[in-house]
$ cat model-v3.cif   # mmCIF, C-alpha atoms
data_target
loop_
_atom_site.label_atom_id
_atom_site.label_comp_id
_atom_site.auth_asym_id
_atom_site.auth_seq_id
_atom_site.Cartn_x
_atom_site.Cartn_y
_atom_site.Cartn_z
CA SER V 415 11.93 34.88 -39.18
CA VAL V 416 12.60 31.13 -39.51
CA VAL V 417 12.46 29.89 -43.11
CA THR V 418 13.94 26.38 -43.09
CA ILE V 419 12.04 23.20 -42.26
CA GLY V 420 14.57 22.25 -39.59
CA GLY V 421 14.41 25.69 -38.03
CA ARG V 422 10.63 25.59 -37.90
CA ILE V 423 10.66 22.17 -36.25
CA ASN V 424 13.25 23.39 -33.77
CA LEU V 425 11.15 26.47 -33.01
CA LEU V 426 8.11 24.24 -32.57
CA GLY V 427 10.06 22.08 -30.10
CA ILE V 428 11.15 25.10 -28.07
CA SER V 429 7.60 26.43 -28.00
CA ALA V 430 6.25 23.02 -26.89
CA PHE V 431 8.91 22.78 -24.17
CA VAL V 432 8.06 26.22 -22.78
CA MET V 433 4.32 25.52 -22.93
CA LEU V 434 4.58 22.09 -21.24
CA LEU V 435 6.97 23.35 -18.58
CA GLY V 436 4.65 26.24 -17.78
CA ALA V 437 1.64 23.92 -17.62
CA VAL V 438 3.45 21.48 -15.30
CA TYR V 439 4.62 24.30 -13.04
CA THR V 440 1.11 25.75 -12.84
CA ALA V 441 -0.45 22.37 -12.04
CA ASN V 442 2.18 21.56 -9.41
CA LEU V 443 1.81 24.99 -7.79
CA ALA V 444 -1.98 24.60 -7.68
CA SER V 445 -1.67 21.20 -6.00
CA LEU V 446 0.72 22.61 -3.38
CA LEU V 447 -1.57 25.53 -2.59
CA THR V 448 -4.72 23.42 -2.31
CA GLN V 449 -3.37 20.45 -0.36
CA GLU V 450 -4.21 20.11 3.30
CA ALA V 451 -1.06 20.01 5.41
CA THR V 452 -0.81 17.63 8.34
CA ALA V 453 -1.12 19.84 11.41
CA VAL V 454 0.10 18.25 14.63
CA THR V 455 -1.56 19.80 17.70
CA VAL V 456 -0.21 17.43 20.39
CA ASP V 457 3.15 15.87 21.05
CA SER V 458 2.49 13.72 24.11
CA LEU V 459 -0.22 11.76 25.90
CA GLU V 460 -0.33 14.29 28.73
CA MET V 461 -0.98 17.17 26.30
CA ALA V 462 -3.83 15.24 24.69
CA ILE V 463 -5.39 14.66 28.11
CA ARG V 464 -5.00 18.34 29.10
CA GLN V 465 -6.73 19.41 25.89
CA GLY V 466 -9.65 17.08 26.63
CA MET V 467 -9.16 14.93 23.54
CA ASN V 468 -10.81 11.59 23.02
CA ILE V 469 -8.44 8.67 22.46
CA CYS V 470 -8.92 5.57 20.31
CA ALA V 471 -7.11 2.34 21.17
CA SER V 472 -7.57 -1.40 21.11
CA ARG V 473 -8.77 -3.00 24.34
CA ASN V 474 -5.41 -4.36 25.46
CA LYS V 475 -3.56 -1.11 24.74
CA ALA V 476 -6.22 0.97 26.48
CA GLN V 477 -6.05 -1.19 29.62
CA GLN V 478 -2.25 -1.10 29.63
CA VAL V 479 -2.14 2.72 29.39
CA ILE V 480 -4.89 3.16 31.99
CA GLN V 481 -3.05 0.95 34.49
CA THR V 482 0.43 2.31 33.75
CA HIS V 483 -0.27 6.04 33.52
CA GLY V 484 -3.43 6.26 35.61
CA ILE V 485 -5.53 7.74 32.77
CA ASP V 486 -9.25 8.17 33.39
CA PRO V 487 -11.14 5.61 31.23
CA LYS V 488 -13.59 8.30 30.13
CA HIS V 489 -10.92 9.68 27.78
CA PHE V 490 -11.05 6.49 25.69
CA VAL V 491 -13.71 5.77 23.08
CA PRO V 492 -15.77 2.82 24.37
CA ASP V 493 -16.49 -0.30 22.36
CA SER V 494 -20.03 -0.38 20.99
CA GLY V 495 -20.46 -3.96 22.22
CA ASP V 496 -19.83 -3.78 25.98
CA GLY V 497 -19.29 -0.05 26.55
CA GLN V 498 -15.80 -0.56 28.02
CA PRO V 499 -12.84 1.60 26.91
CA GLY V 500 -10.99 0.29 23.87
CA PHE V 501 -12.08 -1.60 20.77
CA VAL V 502 -12.37 -5.38 20.91
CA ALA V 503 -13.14 -6.53 17.35
CA ASN V 504 -10.79 -5.24 14.62
CA GLY V 505 -9.15 -2.94 17.12
CA ARG V 506 -6.18 -2.11 14.87
CA GLU V 507 -8.29 -0.92 11.94
CA ARG V 508 -10.94 0.81 14.04
CA THR V 509 -8.30 2.74 15.95
CA PHE V 510 -7.42 4.63 12.77
CA ASP V 511 -10.86 4.56 11.11
CA PHE V 512 -12.58 6.50 13.90
CA MET V 513 -10.02 9.30 14.16
CA ARG V 514 -11.39 12.74 13.18
CA ARG V 515 -9.95 16.24 13.34
CA LYS V 516 -13.29 17.59 14.45
CA HIS V 517 -16.33 15.68 15.69
CA ASP V 518 -19.37 16.04 17.92
CA ASP V 519 -19.80 12.45 19.11
CA ARG V 520 -17.25 11.61 21.82
CA SER V 521 -18.71 8.13 22.21
CA LEU V 522 -17.81 7.17 18.65
CA TYR V 523 -14.95 9.31 17.34
CA CYS V 524 -11.58 10.42 18.71
CA ASN V 525 -8.96 13.11 18.09
CA ALA V 526 -5.89 10.97 18.84
CA ALA V 527 -5.06 7.30 19.06
CA ILE V 528 -2.70 4.94 20.83
CA ALA V 529 -1.36 2.33 18.43
CA SER V 530 1.84 0.53 17.61
CA VAL V 531 4.21 2.06 15.09
CA GLU V 532 4.13 -1.19 13.11
CA ASP V 533 0.35 -0.86 12.60
CA LEU V 534 0.74 2.69 11.27
CA GLN V 535 3.56 1.61 8.94
CA THR V 536 1.40 -1.20 7.60
CA MET V 537 -1.42 1.25 6.90
CA HIS V 538 0.94 3.64 5.11
CA GLU V 539 2.29 0.80 3.01
CA GLY V 540 -1.21 0.29 1.66
CA SER V 541 -1.65 4.08 1.14
CA LYS V 542 -4.23 4.19 3.93
CA HIS V 543 -4.61 6.82 6.65
CA CYS V 544 -1.88 8.96 5.11
CA ASP V 545 -3.14 11.97 7.09
CA LYS V 546 -2.11 10.35 10.38
CA VAL V 547 1.43 10.58 11.76
CA LYS V 548 3.31 9.41 14.82
CA VAL V 549 3.90 12.03 17.51
CA GLY V 550 5.77 11.88 20.77
CA ASP V 551 7.74 9.03 22.27
CA SER V 552 6.61 5.48 22.90
CA ILE V 553 4.55 5.23 26.09
CA ALA V 554 4.72 1.44 26.55
CA TYR V 555 6.65 -1.58 25.36
CA ASN V 556 5.69 -5.22 25.00
CA SER V 557 8.24 -7.78 26.16
CA ILE V 558 8.24 -11.14 24.41
CA GLY V 559 10.50 -14.01 25.43
CA ILE V 560 10.95 -17.76 25.19
CA PRO V 561 11.79 -20.22 27.98
CA ILE V 562 15.32 -21.63 27.89
CA TYR V 563 16.42 -25.00 29.26
CA ASP V 564 19.09 -24.63 31.94
CA GLY V 565 21.32 -27.25 30.33
CA LYS V 566 21.53 -25.18 27.11
CA ALA V 567 21.33 -21.71 28.61
CA ASP V 568 25.07 -20.95 28.47
CA GLN V 569 25.39 -21.88 24.81
CA LEU V 570 22.26 -19.91 23.87
CA VAL V 571 23.36 -16.85 25.79
CA SER V 572 26.65 -16.91 23.90
CA LEU V 573 24.77 -17.25 20.61
CA PHE V 574 22.43 -14.38 21.48
CA HIS V 575 25.37 -12.14 22.34
CA THR V 576 26.95 -12.93 18.98
CA VAL V 577 23.69 -12.22 17.16
CA LYS V 578 23.33 -8.92 19.02
CA SER V 579 26.90 -7.81 18.37
CA GLU V 580 26.52 -8.51 14.63
CA ASN V 581 23.22 -6.60 14.49
CA VAL V 582 21.46 -9.56 12.93
CA MET V 583 18.08 -8.69 14.43
CA THR V 584 18.40 -5.01 13.53
CA LYS V 585 19.21 -5.84 9.91
CA ALA V 586 16.28 -8.26 9.71
CA LEU V 587 13.95 -5.65 11.23
CA ASN V 588 15.04 -2.97 8.77
CA ALA V 589 14.64 -5.36 5.85
CA GLU V 590 11.07 -6.20 6.85
CA THR V 591 9.99 -2.64 7.70
CA PRO V 592 7.11 -1.65 5.37
CA THR V 593 7.77 1.12 2.87
CA SER V 594 5.32 4.00 2.99
CA ASN V 595 3.43 4.68 -0.25
CA CYS V 596 1.85 7.87 1.04
CA PRO V 597 2.64 11.18 -0.67
CA ILE V 598 5.01 13.48 1.16
CA ILE V 599 3.02 16.30 2.72
CA GLY V 600 3.76 19.06 5.16
CA GLY V 601 6.10 22.01 4.88
CA GLU V 602 6.16 23.25 1.31
CA GLY V 603 4.69 20.05 -0.05
CA SER V 604 6.00 17.64 -2.63
CA SER V 605 7.68 18.76 -5.84
CA ILE V 606 8.11 17.21 -9.26
CA ASN V 607 11.47 15.56 -9.82
CA ILE V 608 13.49 14.99 -12.98
CA GLN V 609 12.05 11.51 -13.54
CA GLU V 610 8.49 12.83 -13.51
CA LEU V 611 9.46 15.44 -16.11
CA SER V 612 10.84 12.78 -18.48
CA GLY V 613 7.88 13.20 -20.84
CA VAL V 614 8.65 16.90 -21.32
CA TRP V 615 12.31 16.15 -22.05
CA ILE V 616 11.43 13.38 -24.52
CA ILE V 617 9.08 15.67 -26.49
CA ALA V 618 11.58 18.54 -26.56
CA PHE V 619 14.53 16.37 -27.61
CA GLY V 620 12.30 14.61 -30.14
CA PHE V 621 11.67 17.89 -31.92
CA ALA V 622 15.42 18.63 -31.83
CA VAL V 623 16.21 15.27 -33.44
CA LEU V 624 13.58 15.89 -36.15
CA SER V 625 15.07 19.29 -36.92
CA LEU V 626 18.56 17.77 -37.30
CA ALA V 627 17.18 14.97 -39.47
CA SER V 628 15.43 17.45 -41.76
CA LYS V 629 18.74 19.29 -42.19
CA CYS V 630 20.46 16.10 -43.33
CA LEU V 631 17.74 15.16 -45.81
CA PRO V 632 17.90 16.62 -49.33
CA GLN V 633 15.87 19.74 -49.88
CA ARG V 634 14.10 18.07 -52.82
CA MET V 635 12.03 16.07 -50.35
CA PHE V 636 10.50 19.25 -48.97
CA ARG V 637 9.73 20.90 -52.31
CA ARG V 638 6.24 21.07 -53.76
CA TYR V 639 5.41 19.81 -57.24
CA ASP V 640 2.46 20.40 -59.52
CA GLN V 641 0.50 17.74 -61.38
CA TRP V 642 3.06 17.70 -64.20
CA GLY V 643 6.01 17.10 -61.85
CA ASN V 644 7.37 20.61 -62.17
CA GLY V 645 8.68 22.22 -59.04
CA THR V 646 6.70 25.18 -57.76
CA PRO V 647 8.55 28.32 -56.71
CA MET V 648 9.55 28.24 -53.04
CA ASP V 649 11.68 31.35 -52.80
CA ALA V 650 11.72 32.76 -49.28
CA ILE V 651 12.01 36.54 -49.22
CA VAL V 652 13.24 38.15 -46.01
CA ASP V 653 13.51 41.95 -45.95
CA GLY V 654 14.28 42.09 -49.66
CA PHE V 655 16.73 39.18 -49.49
CA LYS V 656 16.15 35.74 -51.00
CA TYR V 657 17.14 32.76 -48.89
CA ASP V 658 19.38 30.19 -50.63
CA ALA V 659 18.81 26.84 -48.89
CA GLY V 660 21.79 25.23 -50.58
CA GLU V 661 24.25 27.87 -49.40
CA ASN V 662 22.29 28.61 -46.21
CA GLN V 663 22.57 32.36 -46.74
CA LEU V 664 20.56 35.38 -47.83
CA ILE V 665 21.19 36.80 -51.29
CA ASP V 666 20.55 40.42 -52.18
CA MET V 667 17.90 40.42 -54.90
CA ASN V 668 19.08 43.80 -56.22
CA ALA V 669 22.52 42.34 -56.85
CA GLU V 670 20.99 39.82 -59.29
CA THR V 671 19.42 42.50 -61.51
CA HIS V 672 21.39 43.51 -64.65
CA ASP V 673 22.44 47.13 -65.00
CA PHE V 674 22.08 48.22 -68.66
CA SER V 675 24.62 50.77 -69.93
CA GLU V 676 23.96 53.25 -72.68
CA ASN V 677 25.78 51.01 -75.18
CA ASP V 678 23.46 48.10 -74.36
CA ILE V 679 20.34 50.12 -75.16
CA PRO V 680 19.57 49.82 -78.92
CA ASN V 681 18.97 53.01 -80.91
CA SER V 682 15.62 53.60 -82.45
CA ASP V 683 17.28 53.85 -85.87
CA ASP V 684 18.56 50.30 -85.58
CA ILE V 685 15.09 48.94 -84.96
CA LYS V 686 13.31 48.13 -88.16
#

$ encode --input "model-v3.cif" --output "structure tokens"
Amino acid sequence: SVVTIGGRINLLGISAFVMLLGAVYTANLASLLTQEATAVTVDSLEMAIRQGMNICASRNKAQQVIQTHGIDPKHFVPDSGDGQPGFVANGRERTFDFMRRKHDDRSLYCNAAIASVEDLQTMHEGSKHCDKVKVGDSIAYNSIGIPIYDGKADQLVSLFHTVKSENVMTKALNAETPTSNCPIIGGEGSSINIQELSGVWIIAFGFAVLSLASKCLPQRMFRRYDQWGNGTPMDAIVDGFKYDAGENQLIDMNAETHDFSENDIPNSDDIK
């Protein structure tokens, strides 16, 4: 058994470390088992159409997909204002807001959506719609250009080639790409890293430092005194051995007893 103050503090630190680590592991395991994984059931626009899914999209994106891929407009959720496929007002937000895994109203909700990757990244940056992910390849692209004066075209073309070769636009795009603040889900789920366990390490090492400090302090600081200032007995007995804090060892109590010989025992005649 532990008898010193430092040893007891150290034992308390070990016990706290084991208890906290077990509690953190149990809580993390419970969160992994109860979380809802993101299940992807489609990987292309054609598969969504074959499965009879409703599709949410803004008005311009819905019209572009209908004209390009020949999709029947009935697959798109209509706008509540004019009844035409695609949302008009706040189309970007409504595209994600009206997505449901399961629903009974095909005129209001959808199972999939057509939206730009930038819109989804912006939502994830604000920790919104974290249960929605991008699937499949891009089905359409928007081309944006600027008119160039013929007298300056050659110089600008040379400049654009230089910018492209140096990846200036790619670096600027990567620098401005929103960072997702959504928790990592799917697979086995997210796990606790070393940084998140810093509190457990601080508490455990704190107890270790206290145990070392108590070893360096004089034992008089840990001794009890009565109201007259006299030290009270603090002998620690372990299996018949007395612990000596100064020497940090156990002393056999039987070795301290005095063995009386026959010569040491006084005769009855000598006692008056």

$ resolve_selection --input "model-v3.cif" --expression "the PyMOL selection byres ((chain V and resi 484-492) around 7)" --output "PyMOL selection string"
chain V and resi 467-470+479-483+493-494+497-501+520-524

$ residues_around --input "model-v3.cif" --residues "Ala622 (chain V)" --least-positions-apart "6" --cutoff "12 Å" --atoms "all atoms listed in the file" --output "number ranges by chain"
V: 419-431, 615-616, 628-629

$ closest_residue --input "model-v3.cif" --among "V:Ser445, V:Gln477, V:Ser472, V:Ser579" --to "Ser530 (chain V)" --atoms "all atoms listed in the file"
V:Ser472

$ axis_aligned_box --input "model-v3.cif" --around "region 470-478 of chain V" --padding-each-side "4 Å" --output "JSON"
{"center_x": -5.6, "center_y": 0.6, "center_z": 25.0, "size_x": 14.7, "size_y": 17.9, "size_z": 17.3}

$ closest_residue --input "model-v3.cif" --among "V:Met461, V:Met433, V:Ile617, V:Cys596" --to "His538 (chain V)" --atoms "all atoms listed in the file"
V:Cys596

$ closest_residue --input "model-v3.cif" --among "V:Glu507, V:Glu460, V:Asp496, V:Asp533" --to "Val547 (chain V)" --atoms "all atoms listed in the file"
V:Asp533

$ closest_residue --input "model-v3.cif" --among "V:Ile560, V:Ser594, V:Gly466, V:Lys585" --to "Glu532 (chain V)" --atoms "all atoms listed in the file"
V:Ser594

$ closest_residue --input "model-v3.cif" --among "V:Thr418, V:Ala471, V:Ala529, V:Gln535" --to "Leu626 (chain V)" --atoms "all atoms listed in the file"
V:Thr418

$ residues_near_point --input "model-v3.cif" --point "(10.1, 9.2, 17.9)" --cutoff "12 Å" --atoms "only C-alpha atoms" --output "list in words"
Asp457, Ser458, Ser530, Val531, Val547, Lys548, Val549, Gly550, Asp551, Ser552 and Ile553 of chain V

$ write_last_selection --input "model-v3.cif" --atoms "C-alpha atoms" --output "compact mmCIF listing (two decimals), keeping the file's coordinate frame"
# COMPACT_ATOMS: atom_id res chain seq x y z
CA ASP V 457 3.15 15.87 21.05
CA SER V 458 2.49 13.72 24.11
CA SER V 530 1.84 0.53 17.61
CA VAL V 531 4.21 2.06 15.09
CA VAL V 547 1.43 10.58 11.76
CA LYS V 548 3.31 9.41 14.82
CA VAL V 549 3.90 12.03 17.51
CA GLY V 550 5.77 11.88 20.77
CA ASP V 551 7.74 9.03 22.27
CA SER V 552 6.61 5.48 22.90
CA ILE V 553 4.55 5.23 26.09

$ closest_residue --input "model-v3.cif" --among "V:Ala627, V:Leu587, V:Ala462, V:Val614" --to "Tyr439 (chain V)" --atoms "only C-alpha atoms"
V:Val614

$ atom_distance --input "model-v3.cif" --atom1 "CA of Phe512 (chain V)" --atom2 "CA of Ala526 (chain V)"
9.4 Å

$ atom_distance --input "model-v3.cif" --atom1 "CA of Phe510 (chain V)" --atom2 "CA of Thr536 (chain V)"
11.8 Å

$ atom_distance --input "model-v3.cif" --atom1 "CA of Ile528 (chain V)" --atom2 "CA of Lys546 (chain V)"
11.8 Å
